[in-house]
$ cat protein-v5.csv   # CSV, C-alpha atoms and all ligand atoms
chain,number,residue,atom,x,y,z
K,129,MET,CA,-5.1,-25.5,9.2
K,130,SER,CA,-2.7,-23.9,11.7
K,131,THR,CA,-0.5,-20.9,10.7
K,132,GLU,CA,1.9,-21.6,13.5
K,133,ASN,CA,5.5,-22.3,12.4
K,134,ARG,CA,4.6,-21.4,8.8
K,135,HIS,CA,6.5,-18.6,7.1
K,136,LEU,CA,3.5,-16.7,5.7
K,137,THR,CA,3.9,-14.1,2.9
K,138,ILE,CA,0.5,-12.8,2.1
K,139,ALA,CA,0.3,-10.4,-0.8
K,140,ILE,CA,-2.7,-8.0,-1.1
K,141,ASP,CA,-2.8,-5.8,-4.1
K,142,GLY,CA,-5.6,-3.5,-5.4
K,143,THR,CA,-6.7,-0.1,-6.3
K,144,SER,CA,-6.6,3.0,-4.1
K,145,GLY,CA,-9.4,3.1,-1.6
K,146,SER,CA,-10.4,-0.5,-2.3
K,147,GLY,CA,-10.2,-1.3,1.4
K,148,LYS,CA,-7.1,-3.4,1.0
K,149,SER,CA,-5.1,-1.6,3.7
K,150,THR,CA,-7.8,-2.1,6.3
K,151,ALA,CA,-8.2,-5.7,5.3
K,152,ALA,CA,-4.5,-6.3,5.4
K,153,LYS,CA,-4.1,-4.6,8.8
K,154,ASN,CA,-6.9,-6.7,10.3
K,155,LEU,CA,-5.6,-9.9,8.8
K,156,ALA,CA,-2.1,-9.3,10.1
K,157,SER,CA,-3.5,-8.5,13.6
K,158,VAL,CA,-5.6,-11.7,13.7
K,159,LEU,CA,-2.7,-13.8,12.5
K,160,GLY,CA,-0.3,-12.1,14.8
K,161,ILE,CA,2.2,-11.2,12.1
K,162,GLU,CA,3.6,-7.9,10.7
K,163,TYR,CA,1.6,-5.7,8.4
K,164,ILE,CA,3.7,-3.9,5.8
K,165,ASP,CA,2.0,-1.0,4.0
K,166,THR,CA,4.2,-0.5,0.9
K,167,GLY,CA,2.1,2.5,-0.2
K,168,ALA,CA,3.3,4.2,3.0
K,169,MET,CA,6.9,3.6,1.9
K,170,TYR,CA,6.3,5.4,-1.4
K,171,ARG,CA,4.6,8.2,0.5
K,172,ALA,CA,7.6,8.4,2.9
K,173,ALA,CA,9.9,8.8,-0.1
K,174,ALA,CA,7.6,11.5,-1.5
K,175,TYR,CA,7.4,13.3,1.8
K,176,LYS,CA,11.2,13.5,2.0
K,177,ALA,CA,11.5,14.7,-1.6
K,178,LEU,CA,9.0,17.5,-1.0
K,179,LYS,CA,10.7,18.5,2.2
K,180,GLU,CA,14.1,18.6,0.6
K,181,ASN,CA,12.9,20.1,-2.7
K,182,VAL,CA,14.0,17.1,-4.7
K,183,PRO,CA,11.9,16.9,-7.9
K,184,VAL,CA,9.6,13.8,-7.7
K,185,ASP,CA,10.1,13.1,-11.4
K,186,ASP,CA,13.9,13.2,-11.4
K,187,ASP,CA,15.1,9.6,-11.3
K,188,HIS,CA,18.7,10.5,-10.7
K,189,ALA,CA,18.1,13.1,-7.9
K,190,VAL,CA,15.6,10.8,-6.2
K,191,GLY,CA,18.0,7.9,-6.4
K,192,ASP,CA,20.7,10.0,-4.8
K,193,MET,CA,18.3,11.1,-2.0
K,194,LEU,CA,17.2,7.6,-1.3
K,195,SER,CA,20.8,6.2,-1.2
K,196,GLU,CA,21.0,8.2,2.0
K,197,THR,CA,17.6,7.4,3.4
K,198,GLU,CA,16.3,4.8,5.7
K,199,ILE,CA,12.7,3.6,5.5
K,200,ASP,CA,11.5,1.0,7.8
K,201,PHE,CA,8.4,-0.4,9.6
K,202,VAL,CA,8.2,-0.9,13.3
K,203,ARG,CA,4.9,-2.3,14.7
K,204,GLY,CA,2.9,-0.9,11.9
K,205,ARG,CA,4.5,2.6,12.0
K,206,ILE,CA,6.5,4.0,9.1
K,207,LEU,CA,9.9,5.4,10.0
K,208,LEU,CA,11.8,7.8,7.8
K,209,ASP,CA,15.4,8.1,8.9
K,210,GLY,CA,14.3,6.9,12.3
K,211,GLU,CA,11.4,9.4,12.7
K,212,ASP,CA,7.8,8.2,12.8
K,213,ILE,CA,6.0,10.1,10.1
K,214,SER,CA,2.9,7.8,9.9
K,215,ASP,CA,0.5,10.7,10.7
K,216,ARG,CA,1.9,13.1,8.1
K,217,ILE,CA,1.7,11.2,4.9
K,218,ARG,CA,-2.1,10.9,4.2
K,219,THR,CA,-2.7,14.2,2.5
K,220,LEU,CA,-3.7,14.8,-1.2
K,221,GLU,CA,-0.3,16.6,-1.8
K,222,ILE,CA,1.6,13.5,-0.7
K,223,SER,CA,-0.8,11.2,-2.7
K,224,HIS,CA,0.1,13.1,-5.9
K,225,ALA,CA,3.8,13.2,-5.1
K,226,ALA,CA,3.8,9.4,-4.2
K,227,SER,CA,2.1,8.6,-7.4
K,228,LYS,CA,4.8,10.4,-9.4
K,229,ILE,CA,7.8,9.1,-7.4
K,230,SER,CA,6.6,5.5,-7.5
K,231,GLN,CA,7.1,5.6,-11.3
K,232,LEU,CA,10.8,6.1,-11.0
K,233,ALA,CA,13.2,3.1,-11.4
K,234,SER,CA,15.5,4.3,-8.7
K,235,CYS,CA,12.7,4.6,-6.2
K,236,ARG,CA,11.1,1.2,-7.0
K,237,ALA,CA,14.5,-0.6,-6.9
K,238,LYS,CA,15.3,0.7,-3.4
K,239,LEU,CA,11.8,0.1,-1.9
K,240,VAL,CA,11.3,-3.3,-3.4
K,241,GLU,CA,14.7,-4.4,-2.0
K,242,ILE,CA,13.6,-3.3,1.5
K,243,GLN,CA,10.2,-5.0,1.1
K,244,ARG,CA,11.8,-8.3,0.0
K,245,ARG,CA,14.3,-8.2,2.9
K,246,ILE,CA,11.5,-7.7,5.4
K,247,ALA,CA,9.4,-10.5,4.0
K,248,SER,CA,12.4,-12.9,4.0
K,249,GLN,CA,12.9,-12.3,7.7
K,250,LYS,CA,9.4,-12.7,9.1
K,251,SER,CA,5.8,-13.6,8.2
K,252,VAL,CA,4.1,-10.6,6.7
K,253,VAL,CA,0.9,-9.3,5.2
K,254,MET,CA,2.1,-6.9,2.6
K,255,ASP,CA,-0.2,-4.6,0.6
K,256,GLY,CA,0.4,-2.5,-2.4
K,257,ARG,CA,0.2,-2.6,-6.2
K,258,ASP,CA,2.9,-5.0,-7.3
K,259,ILE,CA,3.3,-7.4,-4.4
K,260,GLY,CA,1.9,-10.5,-5.9
K,261,THR,CA,3.4,-9.8,-9.4
K,262,ASN,CA,6.8,-8.3,-8.6
K,263,VAL,CA,7.9,-8.0,-4.9
K,264,LEU,CA,6.8,-11.5,-3.8
K,265,PRO,CA,5.9,-13.5,-6.9
K,266,GLY,CA,6.2,-16.7,-4.7
K,267,ALA,CA,4.0,-15.4,-1.9
K,268,SER,CA,2.2,-18.1,0.1
K,269,HIS,CA,-1.2,-16.3,-0.6
K,270,LYS,CA,-2.2,-13.6,-3.1
K,271,PHE,CA,-5.3,-11.5,-3.1
K,272,TYR,CA,-6.6,-8.8,-5.5
K,273,VAL,CA,-9.0,-6.4,-3.7
K,274,THR,CA,-11.3,-4.2,-5.7
K,275,ALA,CA,-14.4,-1.9,-5.2
K,276,SER,CA,-16.3,0.4,-7.6
K,277,LEU,CA,-14.8,3.9,-8.2
K,278,GLU,CA,-17.9,5.5,-6.5
K,279,THR,CA,-17.5,3.4,-3.3
K,280,ARG,CA,-13.8,4.1,-3.1
K,281,ALA,CA,-14.4,7.9,-3.6
K,282,GLU,CA,-16.9,7.9,-0.8
K,283,ARG,CA,-14.6,6.1,1.6
K,284,ARG,CA,-11.6,8.2,0.7
K,285,LEU,CA,-13.6,11.4,1.1
K,286,ALA,CA,-14.8,10.4,4.6
K,287,GLU,CA,-11.2,9.6,5.6
K,288,LEU,CA,-9.9,13.0,4.3
K,289,LEU,CA,-12.7,15.0,5.9
K,290,GLU,CA,-12.1,13.3,9.2
K,291,LYS,CA,-8.5,14.4,9.0
K,292,GLY,CA,-9.6,18.0,8.4
K,293,GLU,CA,-8.6,18.2,4.7
K,294,GLN,CA,-10.7,20.6,2.6
K,295,THR,CA,-11.9,18.6,-0.4
K,296,THR,CA,-15.0,17.5,-2.3
K,297,TYR,CA,-16.4,14.2,-3.6
K,298,GLU,CA,-15.7,15.4,-7.2
K,299,GLU,CA,-12.1,16.2,-6.4
K,300,VAL,CA,-11.5,12.9,-4.7
K,301,LEU,CA,-13.2,11.0,-7.6
K,302,GLU,CA,-11.0,12.8,-10.1
K,303,ASP,CA,-7.9,12.1,-8.0
K,304,LEU,CA,-8.7,8.4,-7.8
K,305,LYS,CA,-9.3,8.2,-11.5
K,306,ALA,CA,-6.0,9.8,-12.2
K,307,ARG,CA,-4.2,7.5,-9.8
K,308,ASP,CA,-5.8,4.4,-11.2
K,309,HIS,CA,-4.7,5.4,-14.6
K,310,SER,CA,-1.2,6.1,-13.5
K,311,ASP,CA,-0.9,3.0,-11.3
K,312,MET,CA,-2.2,0.7,-14.1
K,313,THR,CA,-0.4,2.2,-17.1
K,314,ARG,CA,3.0,3.1,-15.7
K,315,LYS,CA,5.9,1.3,-17.3
K,316,LEU,CA,7.5,-0.2,-14.2
K,317,ASN,CA,5.5,-2.8,-12.2
K,318,PRO,CA,2.0,-1.4,-13.0
K,319,LEU,CA,-1.0,-2.6,-11.0
K,320,VAL,CA,-2.2,-5.8,-12.6
K,321,ARG,CA,-3.9,-8.7,-11.0
K,322,ALA,CA,-1.5,-11.7,-10.5
K,323,GLU,CA,-2.8,-14.7,-12.5
K,324,ASP,CA,-2.9,-16.8,-9.3
K,325,ALA,CA,-4.5,-14.1,-7.1
K,326,ILE,CA,-7.9,-14.6,-5.4
K,327,ASP,CA,-10.4,-11.8,-6.2
K,328,ILE,CA,-12.1,-10.0,-3.3
K,329,SER,CA,-14.7,-7.3,-3.9
K,330,THR,CA,-15.4,-5.1,-0.9
K,331,ASP,CA,-18.4,-3.4,-2.5
K,332,GLU,CA,-20.9,-5.7,-0.8
K,333,CYS,CA,-18.6,-6.8,2.0
K,334,ASP,CA,-18.1,-4.9,5.3
K,335,ILE,CA,-14.8,-4.9,7.1
K,336,GLU,CA,-15.6,-8.0,9.1
K,337,GLY,CA,-17.0,-9.8,6.1
K,338,THR,CA,-13.8,-9.1,4.1
K,339,LEU,CA,-11.6,-10.3,7.0
K,340,GLN,CA,-13.6,-13.6,7.3
K,341,CYS,CA,-13.3,-14.1,3.5
K,342,LEU,CA,-9.5,-13.7,3.6
K,343,LEU,CA,-9.2,-16.0,6.6
K,344,GLN,CA,-11.3,-18.6,4.9
K,345,HIS,CA,-9.0,-18.6,1.9
K,346,ILE,CA,-6.0,-18.9,4.1
K,347,GLY,CA,-7.6,-21.7,6.1
K,348,VAL,CA,-8.0,-20.1,9.5
K,349,ASN,CA,-11.1,-20.3,11.7
K,350,TYR,CA,-11.6,-17.1,13.6
K,351,ALA,CA,-14.7,-16.2,15.6
K,352,GLY,CA,-13.9,-12.5,16.1
H,1,LIG,O1,-1.6,2.7,-1.4
H,1,LIG,P1,-1.3,4.2,-1.4
H,1,LIG,O2,-2.3,5.1,-1.9
H,1,LIG,O3,-0.8,4.6,0.0
H,1,LIG,O4,0.0,4.3,-2.4
H,1,LIG,C1,0.7,5.5,-2.6
H,1,LIG,C2,1.2,5.5,-4.0
H,1,LIG,O5,2.3,4.6,-4.1
H,1,LIG,C3,0.2,5.2,-5.1
H,1,LIG,O6,0.2,6.2,-6.1
H,1,LIG,C4,0.7,3.9,-5.7
H,1,LIG,C5,2.1,3.7,-5.3
H,1,LIG,N1,2.5,2.4,-4.9
H,1,LIG,C6,3.2,1.6,-5.8
H,1,LIG,O7,3.5,2.1,-6.9
H,1,LIG,N2,3.5,0.3,-5.5
H,1,LIG,C7,3.2,-0.2,-4.3
H,1,LIG,N3,3.6,-1.4,-4.0
H,1,LIG,C8,2.4,0.6,-3.4
H,1,LIG,C9,2.1,1.8,-3.7
$ encode --input "protein-v5.csv" --output "structure tokens"
Amino acid sequence: MSTENRHLTIAIDGTSGSGKSTAAKNLASVLGIEYIDTGAMYRAAAYKALKENVPVDDDHAVGDMLSETEIDFVRGRILLDGEDISDRIRTLEISHAASKISQLASCRAKLVEIQRRIASQKSVVMDGRDIGTNVLPGASHKFYVTASLETRAERRLAELLEKGEQTTYEEVLEDLKARDHSDMTRKLNPLVRAEDAIDISTDECDIEGTLQCLLQHIGVNYAG
């Protein structure tokens, strides 16, 4: 099956650290289409709120802030009011704030609108928590990516240590547990598997294996 001339909207949802972002990025690269990391958009909103001392649990104040904020993606980089902040949003502090701000109706409404607009204009691989269920319920393909809590904690720890963050396995494990809980139980658009999503477990699959698995489901042959 060829993907040329098809408007592809590929939704990849899953828990923090499941490997969905790596899988989504690789998939977009092989297919030659845009990768949209919606988590980075919530992180960008949190980054701005922290910078401007806007409480990340104040729906009204965050709504006001976002009404004068531009968040966009250009070639895989996240732009906040035109500035590339991609390298500043992967800290534990921003993770906590993003988890909080993503619970607000004003924030979700604004970011979901941007996400839908992008996906209507071009083929995308979009990853997040509510893509298959809420942002793009009519997506051409939907995947739900998971891995055990322990595997995810090990991966996230390695990532953070590499970036020079001071943290421990226990701290990362507790953080992931808390974020899973908040992502899955929040009132608005919680993380749930879309009924028509294909399950992908990355516990026993390396990066290449996961990519091949996704491509197979989409109907693309790729030798690597
Ligand atoms: O994927 P991530 O860790 O970068 O996401 C950051 C936060 O944003 C996380 O707490 C979940 C939230 N999020 C969300 O609520 N909806 C999405 N579509 C993507 C992320």
$ closest_residue --input "protein-v5.csv" --among "K:Ser214, K:Ser223, K:Ser329, K:Thr137" --to "ligand LIG 1 (chain H)" --atoms "only C-alpha atoms and all ligand atoms"
K:Ser223
$ residues_near_ligand --input "protein-v5.csv" --ligand "ligand LIG 1 (chain H)" --cutoff "6 Å" --atoms "all atoms listed in the file" --output "MDAnalysis selection string"
chainID K and resid 144 166:168 170:171 223 226:227 230 256:258 307 311
$ closest_residue --input "protein-v5.csv" --among "K:Gly292, K:Gly145, K:Gly160, K:Gly191" --to "Ala173 of chain K" --atoms "all atoms listed in the file"
K:Gly191
$ residues_around --input "protein-v5.csv" --residues "Glu287 of chain K" --least-positions-apart "4" --cutoff "12 Å" --atoms "all atoms listed in the file" --output "count of residues only"
17
$ atom_distance --input "protein-v5.csv" --atom1 "atom CA of Glu241 of chain K" --atom2 "atom CA of Leu342 of chain K"
26.5 Å
$ residues_near_point --input "protein-v5.csv" --point "(16.2, 9.3, -0.1)" --cutoff "12 Å" --atoms "all atoms listed in the file" --output "compact mmCIF listing (two decimals) with C-alpha atoms, in the coordinates of the input"
# COMPACT_ATOMS: atom_id res chain seq x y z
CA MET K 169 6.90 3.60 1.90
CA TYR K 170 6.30 5.40 -1.40
CA ARG K 171 4.60 8.20 0.50
CA ALA K 172 7.60 8.40 2.90
CA ALA K 173 9.90 8.80 -0.10
CA ALA K 174 7.60 11.50 -1.50
CA TYR K 175 7.40 13.30 1.80
CA LYS K 176 11.20 13.50 2.00
CA ALA K 177 11.50 14.70 -1.60
CA LEU K 178 9.00 17.50 -1.00
CA LYS K 179 10.70 18.50 2.20
CA GLU K 180 14.10 18.60 0.60
CA ASN K 181 12.90 20.10 -2.70
CA VAL K 182 14.00 17.10 -4.70
CA PRO K 183 11.90 16.90 -7.90
CA VAL K 184 9.60 13.80 -7.70
CA ASP K 187 15.10 9.60 -11.30
CA HIS K 188 18.70 10.50 -10.70
CA ALA K 189 18.10 13.10 -7.90
CA VAL K 190 15.60 10.80 -6.20
CA GLY K 191 18.00 7.90 -6.40
CA ASP K 192 20.70 10.00 -4.80
CA MET K 193 18.30 11.10 -2.00
CA LEU K 194 17.20 7.60 -1.30
CA SER K 195 20.80 6.20 -1.20
CA GLU K 196 21.00 8.20 2.00
CA THR K 197 17.60 7.40 3.40
CA GLU K 198 16.30 4.80 5.70
CA ILE K 199 12.70 3.60 5.50
CA LEU K 208 11.80 7.80 7.80
CA ASP K 209 15.40 8.10 8.90
CA ILE K 229 7.80 9.10 -7.40
CA SER K 234 15.50 4.30 -8.70
CA CYS K 235 12.70 4.60 -6.20
CA ARG K 236 11.10 1.20 -7.00
CA LYS K 238 15.30 0.70 -3.40
CA LEU K 239 11.80 0.10 -1.90
$ atom_distance --input "protein-v5.csv" --atom1 "atom CA of Ile335 of chain K" --atom2 "atom CA of Lys250 of chain K"
25.5 Å
$ atom_distance --input "protein-v5.csv" --atom1 "atom CA of Ser149 of chain K" --atom2 "atom CA of Ser276 of chain K"
16.0 Å
$ residues_around --input "protein-v5.csv" --residues "Gly337 of chain K" --least-positions-apart "6" --cutoff "10 Å" --atoms "only C-alpha atoms" --output "ChimeraX atom specification"
/K:151,330,343
$ residues_around --input "protein-v5.csv" --residues "Gly204 of chain K" --least-positions-apart "2" --cutoff "9 Å" --atoms "only C-alpha atoms" --output "CSV table (one decimal) with C-alpha atoms, in the coordinates of the input"
chain,number,residue,atom,x,y,z
K,153,LYS,CA,-4.1,-4.6,8.8
K,162,GLU,CA,3.6,-7.9,10.7
K,163,TYR,CA,1.6,-5.7,8.4
K,164,ILE,CA,3.7,-3.9,5.8
K,165,ASP,CA,2.0,-1.0,4.0
K,201,PHE,CA,8.4,-0.4,9.6
K,202,VAL,CA,8.2,-0.9,13.3
K,206,ILE,CA,6.5,4.0,9.1
K,214,SER,CA,2.9,7.8,9.9
$ build_atoms --input "protein-v5.csv" --residues "segment 274-286 of chain K" --atoms "N, CA, C and O atoms" --output "mmCIF file, in the frame of the given file"
data_model
loop_
_atom_site.group_PDB
_atom_site.id
_atom_site.type_symbol
_atom_site.label_atom_id
_atom_site.label_comp_id
_atom_site.auth_asym_id
_atom_site.auth_seq_id
_atom_site.Cartn_x
_atom_site.Cartn_y
_atom_site.Cartn_z
ATOM 1 N N THR K 274 -10.770 -5.251 -4.869
ATOM 2 C CA THR K 274 -11.300 -4.200 -5.700
ATOM 3 C C THR K 274 -12.650 -3.657 -5.064
ATOM 4 O O THR K 274 -13.259 -4.318 -4.221
ATOM 5 N N ALA K 275 -13.072 -2.479 -5.532
ATOM 6 C CA ALA K 275 -14.400 -1.900 -5.200
ATOM 7 C C ALA K 275 -14.670 -0.905 -6.325
ATOM 8 O O ALA K 275 -13.734 -0.450 -6.998
ATOM 9 N N SER K 276 -15.939 -0.538 -6.507
ATOM 10 C CA SER K 276 -16.300 0.400 -7.600
ATOM 11 C C SER K 276 -15.637 1.770 -7.271
ATOM 12 O O SER K 276 -15.352 2.097 -6.111
ATOM 13 N N LEU K 277 -15.444 2.557 -8.326
ATOM 14 C CA LEU K 277 -14.800 3.900 -8.200
ATOM 15 C C LEU K 277 -15.655 4.751 -7.216
ATOM 16 O O LEU K 277 -15.098 5.455 -6.372
ATOM 17 N N GLU K 278 -16.986 4.647 -7.312
ATOM 18 C CA GLU K 278 -17.900 5.500 -6.500
ATOM 19 C C GLU K 278 -17.709 5.103 -4.984
ATOM 20 O O GLU K 278 -17.591 5.967 -4.111
ATOM 21 N N THR K 279 -17.707 3.810 -4.711
ATOM 22 C CA THR K 279 -17.500 3.400 -3.300
ATOM 23 C C THR K 279 -16.195 3.842 -2.772
ATOM 24 O O THR K 279 -16.095 4.339 -1.648
ATOM 25 N N ARG K 280 -15.171 3.720 -3.592
ATOM 26 C CA ARG K 280 -13.800 4.100 -3.100
ATOM 27 C C ARG K 280 -13.754 5.598 -2.878
ATOM 28 O O ARG K 280 -13.131 6.040 -1.916
ATOM 29 N N ALA K 281 -14.398 6.386 -3.746
ATOM 30 C CA ALA K 281 -14.400 7.900 -3.600
ATOM 31 C C ALA K 281 -15.076 8.247 -2.284
ATOM 32 O O ALA K 281 -14.605 9.125 -1.552
ATOM 33 N N GLU K 282 -16.200 7.600 -2.013
ATOM 34 C CA GLU K 282 -16.900 7.900 -0.800
ATOM 35 C C GLU K 282 -16.082 7.619 0.458
ATOM 36 O O GLU K 282 -16.015 8.401 1.401
ATOM 37 N N ARG K 283 -15.420 6.463 0.424
ATOM 38 C CA ARG K 283 -14.600 6.100 1.600
ATOM 39 C C ARG K 283 -13.425 7.054 1.757
ATOM 40 O O ARG K 283 -13.127 7.493 2.863
ATOM 41 N N ARG K 284 -12.745 7.371 0.641
ATOM 42 C CA ARG K 284 -11.600 8.200 0.700
ATOM 43 C C ARG K 284 -11.985 9.650 1.190
ATOM 44 O O ARG K 284 -11.304 10.273 1.996
ATOM 45 N N LEU K 285 -13.142 10.117 0.721
ATOM 46 C CA LEU K 285 -13.600 11.400 1.100
ATOM 47 C C LEU K 285 -13.855 11.487 2.638
ATOM 48 O O LEU K 285 -13.400 12.413 3.317
ATOM 49 N N ALA K 286 -14.531 10.465 3.156
ATOM 50 C CA ALA K 286 -14.800 10.400 4.600
ATOM 51 C C ALA K 286 -13.494 10.446 5.385
ATOM 52 O O ALA K 286 -13.362 11.168 6.389
#
